[in-house]
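Next comes input.txt, a file with compact mmCIF, C-alpha atoms.
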# COMPACT_ATOMS: atom_id res chain seq x y z
CA LYS K 1 116.51 169.70 171.95
CA ILE K 2 115.27 166.25 172.97
CA ARG K 3 112.84 167.80 175.46
CA MET K 4 111.51 170.17 172.76
CA VAL K 5 110.96 167.22 170.36
CA THR K 6 109.20 165.29 173.13
CA ASP K 7 106.96 168.30 173.92
CA ILE K 8 106.06 168.73 170.25
CA SER K 9 105.39 165.01 169.92
CA ASP K 10 103.07 165.11 172.96
CA GLN K 11 101.24 168.15 171.53
CA LEU K 12 100.76 166.35 168.21
CA LYS K 13 99.42 163.25 169.98
CA ASP K 14 96.96 165.39 171.97
CA ALA K 15 95.84 167.19 168.82
CA TYR K 16 95.34 163.87 167.03
CA VAL K 17 93.22 162.50 169.88
CA ARG K 18 91.04 165.67 169.91
CA ILE K 19 90.59 165.61 166.12
CA SER K 20 89.75 161.89 166.17
CA LYS K 21 87.15 162.40 168.91
CA ASP K 22 85.63 165.34 166.98
CA LEU K 23 85.43 163.30 163.77
CA GLU K 24 83.87 160.35 165.60
CA ALA K 25 81.26 162.70 167.10
CA ALA K 26 80.57 164.21 163.65
CA ALA K 27 80.20 160.71 162.16
CA HIS K 28 77.71 159.81 164.90
CA MET K 29 75.72 162.99 164.25
CA GLN K 30 75.70 162.40 160.49
CA LYS K 31 74.58 158.79 160.93
CA ASN K 32 71.73 159.97 163.20
CA LEU K 33 70.35 162.00 160.28
CA LEU K 34 69.72 158.80 158.33
CA PRO K 35 66.34 157.06 158.49
CA PRO K 36 65.80 153.74 160.32
CA VAL K 37 67.82 150.88 158.76
CA SER K 38 64.66 148.88 158.07
CA SER K 39 61.26 150.48 157.90
CA ASN K 40 57.79 149.88 156.56
CA MET K 41 56.06 153.02 155.39
CA ARG K 42 52.63 153.05 153.81
CA GLY K 43 53.01 149.51 152.43
CA MET K 44 56.60 149.97 151.22
CA LYS K 45 59.65 148.44 152.81
CA PHE K 46 62.89 150.41 152.95
CA GLU K 47 66.24 148.87 153.81
CA TRP K 48 69.76 150.17 153.47
CA LEU K 49 73.41 149.59 154.26
CA PHE K 50 75.80 152.52 154.71
CA HIS K 51 79.60 152.37 154.97
CA PRO K 52 81.33 155.76 154.57
CA SER K 53 84.92 155.67 153.35
CA ASN K 54 86.03 158.08 156.12
CA PHE K 55 84.63 159.12 159.48
CA VAL K 56 82.28 161.49 157.66
CA GLY K 57 81.46 161.89 153.99
CA GLY K 58 79.22 163.37 151.36
CA ASP K 59 76.65 160.60 150.95
CA ILE K 60 73.24 161.06 152.52
CA PHE K 61 69.73 159.78 151.86
CA ASN K 62 66.30 159.75 153.37
CA TYR K 63 62.70 158.63 152.89
CA PHE K 64 59.77 160.37 154.51
CA HIS K 65 56.03 161.06 154.55
CA ILE K 66 55.12 164.08 152.44
CA ASP K 67 51.39 163.85 153.12
CA GLU K 68 48.70 161.18 153.54
CA THR K 69 49.19 159.72 150.05
CA HIS K 70 52.80 160.53 149.18
CA VAL K 71 56.21 159.31 150.33
CA GLY K 72 59.38 161.07 149.25
CA PHE K 73 62.90 159.76 148.99
CA TYR K 74 66.29 161.05 147.93
CA LEU K 75 69.88 159.98 147.56
CA CYS K 76 72.61 162.62 147.47
CA ASP K 77 76.33 162.28 146.80
CA VAL K 78 78.52 165.32 147.36
CA SER K 79 81.85 165.37 145.55
CA GLY K 80 84.95 164.76 147.60
CA HIS K 81 85.35 163.22 151.02
CA GLY K 82 85.67 164.27 154.60
CA VAL K 83 84.38 167.28 156.45
CA PRO K 84 83.67 169.66 153.50
CA ALA K 85 81.56 167.02 151.72
CA ALA K 86 79.80 166.08 154.97
CA MET K 87 78.93 169.70 155.75
CA LEU K 88 77.25 170.17 152.36
CA SER K 89 75.42 166.83 152.58
CA VAL K 90 74.04 167.71 156.02
CA THR K 91 72.87 171.09 154.69
CA ILE K 92 71.13 169.43 151.73
CA ASN K 93 69.51 166.98 154.14
CA LYS K 94 68.08 169.85 156.18
CA VAL K 95 66.74 171.56 153.05
CA LEU K 96 64.97 168.36 151.95
CA VAL K 97 63.28 167.56 155.26
CA PRO K 98 59.52 168.06 154.95
CA SER K 99 58.06 170.68 157.25
CA THR K 100 54.86 170.22 159.23
CA SER K 101 53.96 173.76 158.25
CA LYS K 102 54.39 172.81 154.56
CA MET K 103 56.89 175.66 154.19
CA SER K 104 59.86 174.01 152.49
CA HIS K 105 61.24 173.43 149.03
CA LEU K 106 59.07 170.30 148.80
CA TYR K 107 55.82 172.29 148.70
CA SER K 108 54.47 175.23 146.73
CA PRO K 109 51.86 177.53 148.30
CA ILE K 110 48.47 177.76 146.59
CA ALA K 111 45.27 179.65 147.43
CA ASP K 112 42.96 176.63 147.54
CA PRO K 113 42.81 174.21 150.49
CA PRO K 114 44.96 172.66 151.83
CA GLY K 115 47.05 175.75 150.96
CA TYR K 116 49.92 173.90 149.30
CA GLU K 117 50.73 171.49 146.53
CA ILE K 118 53.62 169.07 146.37
CA SER K 119 56.43 170.45 144.22
CA PRO K 120 57.42 168.15 141.34
CA PRO K 121 60.84 166.52 141.80
CA ALA K 122 62.31 168.34 138.78
CA SER K 123 61.31 171.69 140.30
CA VAL K 124 62.89 170.76 143.62
CA LEU K 125 66.17 169.81 141.91
CA LYS K 126 66.12 173.00 139.86
CA GLU K 127 65.65 175.05 143.03
CA LEU K 128 68.44 173.17 144.84
CA ASN K 129 70.75 173.75 141.90
CA HIS K 130 69.97 177.47 142.00
CA LEU K 131 70.30 177.62 145.78
CA PHE K 132 73.63 175.81 145.99
CA SER K 133 75.35 176.74 142.73
CA SER K 134 76.26 180.17 144.04
CA THR K 135 77.07 179.12 147.62
CA THR K 136 79.30 176.08 147.17
CA GLN K 137 82.99 176.04 146.39
CA SER K 138 83.68 176.02 142.66
CA ASP K 139 85.15 172.50 142.81
CA GLN K 140 82.37 171.09 145.00
CA TYR K 141 79.13 169.75 143.55
CA PHE K 142 76.50 167.15 144.32
CA THR K 143 74.48 164.59 142.42
CA LEU K 144 70.96 163.75 143.54
CA ILE K 145 67.90 161.63 142.90
CA TYR K 146 64.63 162.85 144.39
CA GLY K 147 61.40 160.92 143.97
CA ILE K 148 57.81 160.93 145.10
CA VAL K 149 55.73 157.77 145.43
CA HIS K 150 51.95 158.16 145.12
CA ILE K 151 50.81 155.38 147.46
CA THR K 152 47.25 154.83 146.20
CA ARG K 153 48.16 155.00 142.50
CA GLY K 154 51.38 153.04 142.88
CA THR K 155 53.31 155.52 140.73
CA ILE K 156 56.70 157.12 141.15
CA VAL K 157 57.82 160.47 139.77
CA LEU K 158 61.50 161.19 140.09
CA ALA K 159 64.20 163.52 138.87
CA GLN K 160 67.86 162.68 138.52
CA ALA K 161 70.80 165.03 138.58
CA GLY K 162 73.89 162.99 137.74
CA LEU K 163 73.10 159.68 139.48
CA PRO K 164 72.02 156.42 137.79
CA GLU K 165 68.44 155.25 138.12
CA PRO K 166 67.46 153.65 141.44
CA ILE K 167 66.39 150.01 141.61
CA LEU K 168 62.75 149.21 142.41
CA LEU K 169 62.19 145.73 143.76
CA LYS K 170 58.51 144.77 143.89
CA LYS K 171 57.01 142.18 146.28
CA ASP K 172 56.78 139.62 143.47
CA GLY K 173 60.54 139.88 142.90
CA ASN K 174 60.36 141.90 139.69

Is it possible to give me this structure as structure tokens?
Amino acid sequence: KIRMVTDISDQLKDAYVRISKDLEAAAHMQKNLLPPVSSNMRGMKFEWLFHPSNFVGGDIFNYFHIDETHVGFYLCDVSGHGVPAAMLSVTINKVLVPSTSKMSHLYSPIADPPGYEISPPASVLKELNHLFSSTTQSDQYFTLIYGIVHITRGTIVLAQAGLPEPILLKKDGN
């Protein structure tokens, strides 16, 4: 009996090591989806600090060029913790990445040049809600802020789905 307990204990230790290594690899992959920690983009400075509560989690964010005069940003928080929340947050990240072909949820095709228009943030959130409401587990949901900065006008249009308003800190400190 002692040998059987020792064998089971060794198997559990091996399984724990494998699971820990897999979770560390997943955490590394999830962190690599995040933008640079400090970045200047079209006259705006972005900085962030990220500390997940577990190896992986449901928080994800990004900022990116949409076109020559627009920068987009989002912050997403998936309910729960761990692998299920991380899987949904990574999927949402991939849906919100702008495409060089302008074929994504961030653009709407039009007949006139350049052949697309930027989708308003509220439309993007409505589409994401439709896309994910039927595919996610009934107890899993996400909250999201998606915004578009018009660089030359200095305006921001954003839509919120369950998260508080973001903080805008201007160069003058306001």

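Of the listed residues (K:Ala15, K:Leu169, K:Ile2, K:Val97), K:Val97 comes nearest to His65 (chain K); the distances count all atoms listed in the file.
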
List the neighbours of Asn40 (chain K) out to 12 Å using all atoms listed in the file; skip same-chain residues closer than 3 positions along the sequence, and give me the result as a PDB file with C-alpha atoms, keeping the file's coordinate frame.
ATOM      1  CA  PRO K  35      66.340 157.060 158.490  1.00  0.00           C
ATOM      2  CA  PRO K  36      65.800 153.740 160.320  1.00  0.00           C
ATOM      3  CA  VAL K  37      67.820 150.880 158.760  1.00  0.00           C
ATOM      4  CA  GLY K  43      53.010 149.510 152.430  1.00  0.00           C
ATOM      5  CA  MET K  44      56.600 149.970 151.220  1.00  0.00           C
ATOM      6  CA  LYS K  45      59.650 148.440 152.810  1.00  0.00           C
ATOM      7  CA  PHE K  46      62.890 150.410 152.950  1.00  0.00           C
ATOM      8  CA  GLU K  47      66.240 148.870 153.810  1.00  0.00           C
ATOM      9  CA  TYR K  63      62.700 158.630 152.890  1.00  0.00           C
ATOM     10  CA  PHE K  64      59.770 160.370 154.510  1.00  0.00           C
ATOM     11  CA  HIS K  65      56.030 161.060 154.550  1.00  0.00           C
ATOM     12  CA  VAL K  71      56.210 159.310 150.330  1.00  0.00           C
TER      13      VAL K  71
END

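Comparing the minimum interatomic distances between Ala161 (chain K) and each of K:Val78, K:Ala111, K:Ala85, K:Met41, counting all atoms listed in the file, we find that K:Val78 sits nearest.
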
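For Pro84 (chain K), the set of protein, DNA and RNA residues having any atom at most 9 Å away, when counting only C-alpha atoms and skipping those fewer than 6 positions along the same chain, is Gly57, Gly58 and Gln140 of chain K.
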
At most 12 Å is the cut-off: for each residue in region 44-125 of chain K with any atom that close to an atom of region 20-24 of chain K, write down the nearest atom pair and the distance in Å rounded to one decimal, counting all atoms listed in the file, chain first then increasing number, as JSON lines.
{"residue": "K:Asn54", "atom": "CA", "partner": "K:Leu23", "partner_atom": "CA", "distance": 9.3}
{"residue": "K:Phe55", "atom": "CA", "partner": "K:Leu23", "partner_atom": "CA", "distance": 6.0}
{"residue": "K:Val56", "atom": "CA", "partner": "K:Leu23", "partner_atom": "CA", "distance": 7.1}
{"residue": "K:Gly57", "atom": "CA", "partner": "K:Leu23", "partner_atom": "CA", "distance": 10.6}
{"residue": "K:Gly82", "atom": "CA", "partner": "K:Leu23", "partner_atom": "CA", "distance": 9.2}
{"residue": "K:Val83", "atom": "CA", "partner": "K:Leu23", "partner_atom": "CA", "distance": 8.4}
{"residue": "K:Ala86", "atom": "CA", "partner": "K:Leu23", "partner_atom": "CA", "distance": 10.8}

Resulting file, chosen residues, C-alpha atoms, as a PDB file, in the frame of the given file:
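As written to disk, selection-v6.pdb reads:
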ATOM      1  CA  ASN K  54      86.030 158.080 156.120  1.00  0.00           C
ATOM      2  CA  PHE K  55      84.630 159.120 159.480  1.00  0.00           C
ATOM      3  CA  VAL K  56      82.280 161.490 157.660  1.00  0.00           C
ATOM      4  CA  GLY K  57      81.460 161.890 153.990  1.00  0.00           C
ATOM      5  CA  GLY K  82      85.670 164.270 154.600  1.00  0.00           C
ATOM      6  CA  VAL K  83      84.380 167.280 156.450  1.00  0.00           C
ATOM      7  CA  ALA K  86      79.800 166.080 154.970  1.00  0.00           C
TER       8      ALA K  86
END

Could you give me, as a tab-separated table (two decimals) with C-alpha atoms, in the frame of the given file, the residues within 12 Å of Ile66 (chain K), counting all atoms listed in the file and dropping anything in the same chain fewer than 4 positions from it?
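So selection01.tsv came out as:
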chain	number	residue	atom	x	y	z
K	41	MET	CA	56.06	153.02	155.39
K	42	ARG	CA	52.63	153.05	153.81
K	70	HIS	CA	52.80	160.53	149.18
K	71	VAL	CA	56.21	159.31	150.33
K	72	GLY	CA	59.38	161.07	149.25
K	73	PHE	CA	62.90	159.76	148.99
K	96	LEU	CA	64.97	168.36	151.95
K	97	VAL	CA	63.28	167.56	155.26
K	98	PRO	CA	59.52	168.06	154.95
K	99	SER	CA	58.06	170.68	157.25
K	100	THR	CA	54.86	170.22	159.23
K	101	SER	CA	53.96	173.76	158.25
K	102	LYS	CA	54.39	172.81	154.56
K	103	MET	CA	56.89	175.66	154.19
K	104	SER	CA	59.86	174.01	152.49
K	105	HIS	CA	61.24	173.43	149.03
K	106	LEU	CA	59.07	170.30	148.80
K	107	TYR	CA	55.82	172.29	148.70
K	116	TYR	CA	49.92	173.90	149.30
K	117	GLU	CA	50.73	171.49	146.53
K	118	ILE	CA	53.62	169.07	146.37
K	119	SER	CA	56.43	170.45	144.22
K	147	GLY	CA	61.40	160.92	143.97
K	148	ILE	CA	57.81	160.93	145.10
K	149	VAL	CA	55.73	157.77	145.43
K	150	HIS	CA	51.95	158.16	145.12
K	151	ILE	CA	50.81	155.38	147.46

Coordinates-based distance that separates CA of Gly162 (chain K) from CA of Tyr141 (chain K) (Å, one decimal)
10.3 Å

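For the pair CA of Leu49 (chain K) and CA of Gly154 (chain K), the separation is 25.0 Å.
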
Between K:Val90, K:Val124, K:Ile167, K:Leu131, which has the minimum distance to Lys31 (chain K) (counting all atoms listed in the file)?
K:Val90

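Nearest to Lys126 (chain K) of all the residues K:Pro113, K:Ala159, K:Ser108, K:Asn93 is K:Ala159, based on only C-alpha atoms.
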
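Reported to one decimal place, the separation of CA of Asn129 (chain K) from CA of Leu75 (chain K) is 14.9 Å.
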
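Among K:Thr143, K:Gln160, K:Asn174, K:Ser133, the residue with the shortest atom-to-atom distance to Asp77 (chain K), counting all atoms listed in the file, is K:Thr143.
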
Leaving out Ile92 (chain K) and any residue of its chain fewer than 6 positions from it, which residues lie within 10 Å of it when counting only C-alpha atoms, given as a PyMOL selection string?
chain K and resi 60-61+76+78+86+128+132+142+144

As lines of an AutoDock Vina configuration file, please report the centre and edge lengths, rounded to one decimal in Å, of the axis-aligned box that holds all listed atoms of region 27-35 of chain K with 4 Å of padding on each of the six sides.
center_x = 73.3
center_y = 160.0
center_z = 161.6
size_x = 21.9
size_y = 13.9
size_z = 14.6

Could you pull region 18-110 of chain K out of the structure I just pasted and write it to a file containing C-alpha atoms, as a compact mmCIF listing (two decimals), in the first residue's frame?
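Everything below was put into selection_26.txt:
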# COMPACT_ATOMS: atom_id res chain seq x y z
CA ARG K 18 2.95 19.86 -16.30
CA ILE K 19 -0.12 21.97 -15.49
CA SER K 20 2.03 24.72 -13.97
CA LYS K 21 4.28 24.81 -17.04
CA ASP K 22 1.22 24.94 -19.34
CA LEU K 23 -0.32 27.80 -17.34
CA GLU K 24 2.96 29.72 -17.35
CA ALA K 25 3.17 29.30 -21.14
CA ALA K 26 -0.45 30.45 -21.52
CA ALA K 27 0.26 33.50 -19.32
CA HIS K 28 3.27 34.36 -21.48
CA MET K 29 1.18 34.04 -24.65
CA GLN K 30 -1.62 36.17 -23.21
CA LYS K 31 0.83 38.87 -22.09
CA ASN K 32 2.34 38.93 -25.60
CA LEU K 33 -1.06 39.99 -26.96
CA LEU K 34 -0.87 43.23 -24.99
CA PRO K 35 0.54 46.38 -26.58
CA PRO K 36 3.92 47.87 -25.60
CA VAL K 37 4.00 49.01 -21.94
CA SER K 38 4.83 52.58 -22.95
CA SER K 39 4.14 53.90 -26.40
CA ASN K 40 3.68 57.14 -28.29
CA MET K 41 1.16 56.92 -31.08
CA ARG K 42 0.16 59.87 -33.22
CA GLY K 43 0.91 62.39 -30.46
CA MET K 44 -0.69 60.35 -27.65
CA LYS K 45 1.18 58.56 -24.92
CA PHE K 46 -0.10 55.21 -23.67
CA GLU K 47 1.14 53.56 -20.49
CA TRP K 48 -0.19 50.67 -18.49
CA LEU K 49 0.43 48.28 -15.62
CA PHE K 50 -1.03 44.76 -15.66
CA HIS K 51 -1.10 42.27 -12.77
CA PRO K 52 -3.45 39.31 -13.33
CA SER K 53 -4.76 37.60 -10.20
CA ASN K 54 -3.88 34.14 -11.58
CA PHE K 55 -1.52 32.84 -14.25
CA VAL K 56 -4.11 33.80 -16.86
CA GLY K 57 -7.30 35.81 -16.63
CA GLY K 58 -10.08 37.61 -18.41
CA ASP K 59 -8.65 41.13 -18.62
CA ILE K 60 -7.28 42.32 -21.93
CA PHE K 61 -6.79 45.67 -23.64
CA ASN K 62 -5.18 47.20 -26.66
CA TYR K 63 -4.63 50.42 -28.59
CA PHE K 64 -3.95 50.51 -32.30
CA HIS K 65 -3.93 52.50 -35.54
CA ILE K 66 -7.25 52.28 -37.37
CA ASP K 67 -6.21 54.51 -40.25
CA GLU K 68 -4.14 57.65 -40.85
CA THR K 69 -6.28 59.85 -38.60
CA HIS K 70 -7.80 57.44 -36.08
CA VAL K 71 -6.50 55.42 -33.13
CA GLY K 72 -8.67 52.82 -31.45
CA PHE K 73 -8.51 51.45 -27.94
CA TYR K 74 -10.42 48.98 -25.82
CA LEU K 75 -10.48 47.47 -22.37
CA CYS K 76 -12.27 44.17 -21.82
CA ASP K 77 -13.00 42.28 -18.60
CA VAL K 78 -14.41 38.77 -18.89
CA SER K 79 -16.26 37.43 -15.87
CA GLY K 80 -14.52 34.83 -13.77
CA HIS K 81 -10.87 33.89 -13.58
CA GLY K 82 -8.49 31.37 -15.01
CA VAL K 83 -8.48 29.53 -18.30
CA PRO K 84 -12.17 29.94 -19.35
CA ALA K 85 -12.01 33.73 -18.88
CA ALA K 86 -8.62 33.91 -20.62
CA MET K 87 -9.86 31.93 -23.62
CA LEU K 88 -12.78 34.33 -24.15
CA SER K 89 -10.59 37.42 -23.66
CA VAL K 90 -8.08 36.17 -26.24
CA THR K 91 -10.93 35.52 -28.70
CA ILE K 92 -12.31 39.03 -28.17
CA ASN K 93 -8.80 40.42 -28.68
CA LYS K 94 -8.55 38.66 -32.03
CA VAL K 95 -11.96 39.97 -33.12
CA LEU K 96 -10.95 43.55 -32.27
CA VAL K 97 -7.59 43.58 -34.06
CA PRO K 98 -7.77 45.86 -37.10
CA SER K 99 -7.15 44.15 -40.42
CA THR K 100 -4.94 45.57 -43.15
CA SER K 101 -7.61 44.48 -45.62
CA LYS K 102 -10.20 46.51 -43.64
CA MET K 103 -12.31 43.35 -43.31
CA SER K 104 -13.10 43.22 -39.59
CA HIS K 105 -15.79 44.30 -37.18
CA LEU K 106 -14.07 47.69 -36.93
CA TYR K 107 -14.92 48.65 -40.52
CA SER K 108 -18.03 48.68 -42.67
CA PRO K 109 -17.75 48.25 -46.45
CA ILE K 110 -18.97 51.12 -48.64
